[in-house]
$ cat work10.txt   # compact mmCIF, C-alpha atoms
# COMPACT_ATOMS: atom_id res chain seq x y z
CA MET A 567 97.44 115.33 142.40
CA GLU A 568 97.18 118.94 141.32
CA ILE A 569 96.05 119.76 137.81
CA LYS A 570 99.55 120.83 136.73
CA GLU A 571 101.00 117.56 138.02
CA ILE A 572 98.36 115.53 136.19
CA CYS A 573 99.13 117.43 132.97
CA ARG A 574 102.81 116.64 133.44
CA ALA A 575 101.92 112.98 133.92
CA ILE A 576 99.93 113.01 130.68
CA GLU A 577 102.84 114.68 128.90
CA ALA A 578 105.21 112.01 130.20
CA VAL A 579 102.96 109.16 129.05
CA LEU A 580 102.50 110.68 125.59
CA PHE A 581 106.22 111.35 125.26
CA ALA A 582 107.20 107.83 126.33
CA SER A 583 104.61 106.24 124.06
CA GLY A 584 105.77 107.92 120.86
CA GLU A 585 102.44 107.13 119.21
CA PRO A 586 98.77 108.07 119.68
CA VAL A 587 97.35 107.01 123.04
CA ALA A 588 93.61 106.38 123.47
CA VAL A 589 91.96 108.74 125.95
CA ASP A 590 90.32 105.83 127.76
CA LYS A 591 93.79 104.34 128.30
CA LEU A 592 94.97 107.63 129.80
CA ALA A 593 91.85 107.71 131.98
CA GLN A 594 92.60 104.19 133.20
CA VAL A 595 96.22 105.07 134.01
CA LEU A 596 95.24 108.24 135.86
CA ASP A 597 92.17 106.68 137.48
CA MET A 598 89.98 109.49 136.18
CA ASP A 599 86.95 109.75 133.91
CA VAL A 600 87.37 110.22 130.15
CA GLU A 601 85.78 113.69 130.07
CA THR A 602 88.18 115.06 132.67
CA VAL A 603 91.24 113.56 130.98
CA THR A 604 90.12 114.98 127.63
CA ALA A 605 89.84 118.43 129.18
CA LEU A 606 93.27 118.08 130.81
CA CYS A 607 94.81 117.08 127.48
CA GLY A 608 93.42 120.33 126.14
CA LYS A 609 95.01 122.23 129.02
CA LEU A 610 98.34 120.55 128.29
CA ALA A 611 98.05 121.53 124.63
CA ASP A 612 97.34 125.14 125.60
CA ALA A 613 100.27 125.19 128.03
CA LEU A 614 102.67 123.95 125.35
CA ASP A 615 101.33 126.57 122.93
CA ASP A 616 101.64 129.38 125.45
CA SER A 617 105.18 128.42 126.41
CA GLY A 618 106.37 128.35 122.80
CA SER A 619 107.37 124.71 123.11
CA SER A 620 108.61 122.83 120.06
CA LEU A 621 106.13 120.10 121.03
CA GLU A 622 102.38 120.04 120.57
CA VAL A 623 99.52 117.75 121.53
CA VAL A 624 97.70 116.44 118.48
CA ARG A 625 94.24 114.87 118.72
CA THR A 626 92.92 112.33 116.22
CA GLU A 627 89.44 111.11 117.10
CA ASP A 628 89.72 109.61 120.61
CA LYS A 629 93.52 109.53 120.73
CA PHE A 630 96.22 112.03 121.71
CA GLN A 631 99.83 112.20 120.56
CA LEU A 632 102.81 114.36 121.50
CA CYS A 633 104.54 115.56 118.34
CA THR A 634 107.15 118.07 117.24
CA ARG A 635 105.84 121.11 115.42
CA SER A 636 106.11 121.09 111.64
CA GLN A 637 108.45 124.11 111.49
CA TYR A 638 111.18 122.04 113.14
CA ALA A 639 110.97 119.19 110.64
CA PRO A 640 114.05 120.33 108.65
CA TYR A 641 116.24 120.19 111.77
CA ILE A 642 114.90 116.78 112.78
CA ARG A 643 115.35 115.48 109.27
CA ALA A 644 118.94 116.67 109.17
CA ALA A 645 119.76 115.31 112.62
CA LEU A 646 118.23 111.90 111.98
CA GLU A 647 119.29 111.83 108.32
CA ILE A 648 115.70 111.35 107.20
CA LYS A 649 115.35 111.83 103.47
CA ARG A 650 112.50 113.96 102.23
CA ASN A 651 109.53 111.98 100.99
CA THR A 652 107.83 112.77 97.72
CA PRO A 653 104.17 113.84 97.79
CA LEU A 654 101.38 111.35 97.22
CA SER A 655 100.59 110.78 93.58
CA PRO A 656 97.36 112.20 92.08
CA ALA A 657 96.03 108.63 91.88
CA ALA A 658 96.63 108.07 95.58
CA MET A 659 95.02 111.41 96.46
CA GLU A 660 91.95 110.53 94.41
CA VAL A 661 91.59 107.13 96.10
CA LEU A 662 92.02 108.70 99.55
CA ALA A 663 89.34 111.28 98.78
CA ILE A 664 86.91 108.63 97.55
CA ILE A 665 87.46 106.47 100.63
CA ALA A 666 87.31 109.39 103.07
CA TYR A 667 83.98 110.68 101.72
CA ASN A 668 82.34 107.25 101.40
CA GLU A 669 83.94 104.97 103.99
CA PRO A 670 83.79 102.14 104.50
CA VAL A 671 84.07 101.21 100.82
CA THR A 672 85.18 98.23 98.76
CA ARG A 673 87.83 98.26 96.07
CA ASN A 674 85.05 97.68 93.53
CA LEU A 675 83.40 100.99 94.45
CA VAL A 676 86.68 102.89 94.20
CA GLU A 677 87.34 101.37 90.78
CA ARG A 678 83.81 102.19 89.60
CA VAL A 679 84.36 105.83 90.54
CA ARG A 680 87.84 106.11 89.02
CA GLY A 681 87.22 103.82 86.05
CA VAL A 682 90.59 102.03 86.39
CA ASP A 683 92.12 99.21 88.42
CA CYS A 684 93.07 100.53 91.87
CA SER A 685 94.56 97.44 93.51
CA GLY A 686 98.11 98.85 93.37
CA VAL A 687 97.10 102.21 94.83
CA ILE A 688 95.08 100.62 97.64
CA SER A 689 97.91 98.23 98.45
CA SER A 690 100.35 101.15 98.64
CA LEU A 691 98.04 103.18 100.89
CA LEU A 692 97.65 100.16 103.17
CA GLN A 693 101.42 99.80 103.42
CA LYS A 694 101.77 103.48 104.26
CA GLY A 695 99.12 103.16 106.95
CA LEU A 696 96.85 105.85 105.50
CA ILE A 697 93.96 103.41 105.11
CA GLU A 698 93.06 100.18 106.89
CA GLU A 699 90.81 97.18 106.49
CA LYS A 700 87.33 97.50 107.98
CA GLY A 701 86.10 93.94 107.57
CA ARG A 702 84.40 91.95 104.84
CA LEU A 703 80.90 92.41 103.47
CA ASP A 704 78.47 89.51 103.81
CA LEU A 705 78.13 89.24 100.04
CA PRO A 706 79.33 86.74 97.42
CA GLY A 707 83.10 86.88 97.30
CA ARG A 708 83.25 88.49 100.76
CA PRO A 709 84.78 91.77 99.48
CA MET A 710 87.02 93.68 101.88
CA GLN A 711 86.00 97.16 103.00
CA TYR A 712 88.47 99.98 103.59
CA LYS A 713 88.47 103.13 105.73
CA THR A 714 90.90 105.92 106.49
CA SER A 715 93.21 105.43 109.47
CA SER A 716 94.19 107.58 112.44
CA LEU A 717 97.47 108.22 110.61
CA PHE A 718 95.45 109.74 107.76
CA LEU A 719 93.90 112.19 110.22
CA ARG A 720 97.30 112.93 111.75
CA CYS A 721 99.00 113.55 108.40
CA PHE A 722 96.28 115.88 107.17
CA GLY A 723 95.97 117.77 110.43
CA ILE A 724 92.34 116.98 111.32
CA GLU A 725 90.77 115.40 114.38
CA SER A 726 87.99 113.55 112.56
CA LEU A 727 86.40 113.16 109.14
CA GLU A 728 83.80 115.71 110.24
CA GLU A 729 86.44 118.35 109.48
CA LEU A 730 86.67 117.38 105.83
CA PRO A 731 85.55 120.17 103.50
CA ARG A 732 81.90 119.61 102.63
CA LEU A 733 80.83 118.59 99.19
CA PRO A 734 78.28 120.85 97.48
CA ASP A 735 74.81 120.31 98.99
CA ASP A 736 73.45 118.79 95.81
CA LYS A 737 76.20 116.16 95.92
CA ARG A 738 75.55 114.94 99.48
CA ASP A 739 72.55 112.71 98.77
CA SER A 740 73.54 109.29 100.06
CA ASP A 741 72.59 107.45 96.86
CA GLN A 742 74.73 109.80 94.80
CA LEU A 743 77.65 109.65 97.21
CA TYR A 744 77.67 105.88 97.32
CA GLY A 745 78.84 104.62 93.98
CA GLN A 746 77.90 107.50 91.68
CA MET A 747 80.26 110.24 92.79
CA SER A 748 82.77 111.24 90.15
CA VAL A 749 86.46 111.67 90.82
CA GLU A 750 86.03 115.40 90.30
CA ASP A 751 83.31 115.49 92.98
CA ALA A 752 85.46 113.49 95.38
CA ILE A 753 88.53 115.68 95.14
CA GLU A 754 86.79 119.04 94.64
CA ALA A 755 86.37 119.57 98.36
CA ALA A 756 89.79 118.12 99.10
CA ASN A 757 91.39 120.65 96.81
CA SER A 758 89.55 123.45 98.59
CA GLY A 759 92.21 123.60 101.25
CA LEU A 760 92.55 120.39 103.22
CA TYR A 761 95.27 118.77 101.17
CA ASP A 762 97.15 122.00 100.51
CA SER A 763 98.60 121.68 104.01
CA ALA A 764 99.29 117.95 103.84
CA PRO A 765 102.83 117.13 104.94
CA GLU A 766 105.28 115.77 102.42
CA ASP A 767 107.33 114.03 105.10
CA ASP A 768 107.04 112.34 108.47
CA ALA A 769 109.79 114.14 110.36
CA ASP A 770 107.40 115.08 113.14
CA GLY A 771 107.54 111.68 114.72
CA THR A 772 105.57 109.39 112.40
CA ASP A 773 107.14 106.62 110.35
CA GLY A 774 109.45 107.76 107.59
CA ASP A 775 108.46 105.42 104.76
CA ASP A 776 108.81 106.94 101.31
CA ILE A 777 105.68 107.94 99.44
CA ASP A 778 106.15 106.83 95.87
CA ASN A 779 105.03 109.29 93.24
CA THR A 780 103.76 106.83 90.66
CA GLU A 781 100.37 106.19 89.11
CA ASN A 782 100.09 102.72 90.65
CA GLU A 783 100.97 103.96 94.11
$ encode --input "work10.txt" --output "structure tokens"
Amino acid sequence: MEIKEICRAIEAVLFASGEPVAVDKLAQVLDMDVETVTALCGKLADALDDSGSSLEVVRTEDKFQLCTRSQYAPYIRAALEIKRNTPLSPAAMEVLAIIAYNEPVTRNLVERVRGVDCSGVISSLLQKGLIEEKGRLDLPGRPMQYKTSSLFLRCFGIESLEELPRLPDDKRDSDQLYGQMSVEDAIEAANSGLYDSAPEDDADGTDGDDIDNTENE
């Protein structure tokens, strides 16, 4: 197949899937190597950009997804009668920042940093798909560890956690990051620009669950 035809095939698979598709899955379907498929996904993204399409290819880690562009969210919301979600609460943003900069982490670590019970917030973030379970530690009580999800990356418009704003250099010592970082340290970098562009709704193709604006969620 020609390159243009392969790009169309990738576009068709992403469109039909409706959710992120792993690049190795695309490579298997197309009978090509991962590096080539990754490059072709980039070509497809450029082609959609150049044509002024209402669709865009979004990459999150090793997955690609075909989504509508954010500027068309109001029309999609109106057509599908999707109600506007409220932004994440400050408590949820703090927990997300702590997890993102320290993952994987246990609930105990998050609560030590914040100084309050976080079970309700973590449960809510799990339900919304912004964090996920990473497995249990081999310690007494077998505490569960948590990490951010691919949906977290998608919602905040980044491909990987490497794109998170860096903490000040004197705050990046591993001992200080793990268990001694204050809430202010955790959200300082987040407030530097990353979360300013965070979507308040999921009208671009992700699930439309409401985001409750309460302290416990």
$ closest_residue --input "work10.txt" --among "A:Ile724, A:Ile642, A:Met710, A:Val587" --to "Pro670 of chain A" --atoms "all atoms listed in the file"
A:Met710
$ residues_near_point --input "work10.txt" --point "(90.3, 109.8, 112.5)" --cutoff "8 Å" --atoms "all atoms listed in the file" --output "PyMOL selection string"
chain A and resi 626-627+714-720+724-727
$ residues_around --input "work10.txt" --residues "Glu577 of chain A" --least-positions-apart "3" --cutoff "10 Å" --atoms "all atoms listed in the file" --output "list of chain:residue names"
A:Glu571, A:Ile572, A:Cys573, A:Arg574, A:Leu580, A:Phe581, A:Ala582, A:Ser583, A:Cys607, A:Leu610, A:Ala611, A:Leu614, A:Glu622, A:Val623, A:Gln631, A:Leu632
$ residues_around --input "work10.txt" --residues "segment 595-604 of chain A" --least-positions-apart "6" --cutoff "10 Å" --atoms "all atoms listed in the file" --output "list in words"
Met567, Ile572, Cys573, Ala575, Ile576, Val579, Ala588, Val589, Leu610, Arg625, Asp628, Lys629 and Phe630 of chain A
$ residues_around --input "work10.txt" --residues "Leu662 of chain A" --least-positions-apart "4" --cutoff "12 Å" --atoms "only C-alpha atoms" --output "ChimeraX atom specification"
/A:654-658,666-671,673,676,680,684,687-688,690-692,695-698,712-715,718-719,722,727,730,749,752-753,756,761,783
$ closest_residue --input "work10.txt" --among "A:Ile664, A:Lys694, A:Val624, A:Gly707" --to "Pro586 of chain A" --atoms "only C-alpha atoms"
A:Val624
$ atom_distance --input "work10.txt" --atom1 "atom CA of Asp590 of chain A" --atom2 "atom CA of Leu621 of chain A"
22.3 Å
$ atom_distance --input "work10.txt" --atom1 "atom CA of Lys570 of chain A" --atom2 "atom CA of Ala613 of chain A"
9.8 Å
$ axis_aligned_box --input "work10.txt" --around "segment 604-614 of chain A" --padding-each-side "4 Å" --output "JSON"
{"center_x": 96.3, "center_y": 120.1, "center_z": 127.7, "size_x": 20.8, "size_y": 18.2, "size_z": 14.2}
$ atom_distance --input "work10.txt" --atom1 "atom CA of Gly686 of chain A" --atom2 "atom CA of Gly701 of chain A"
19.2 Å
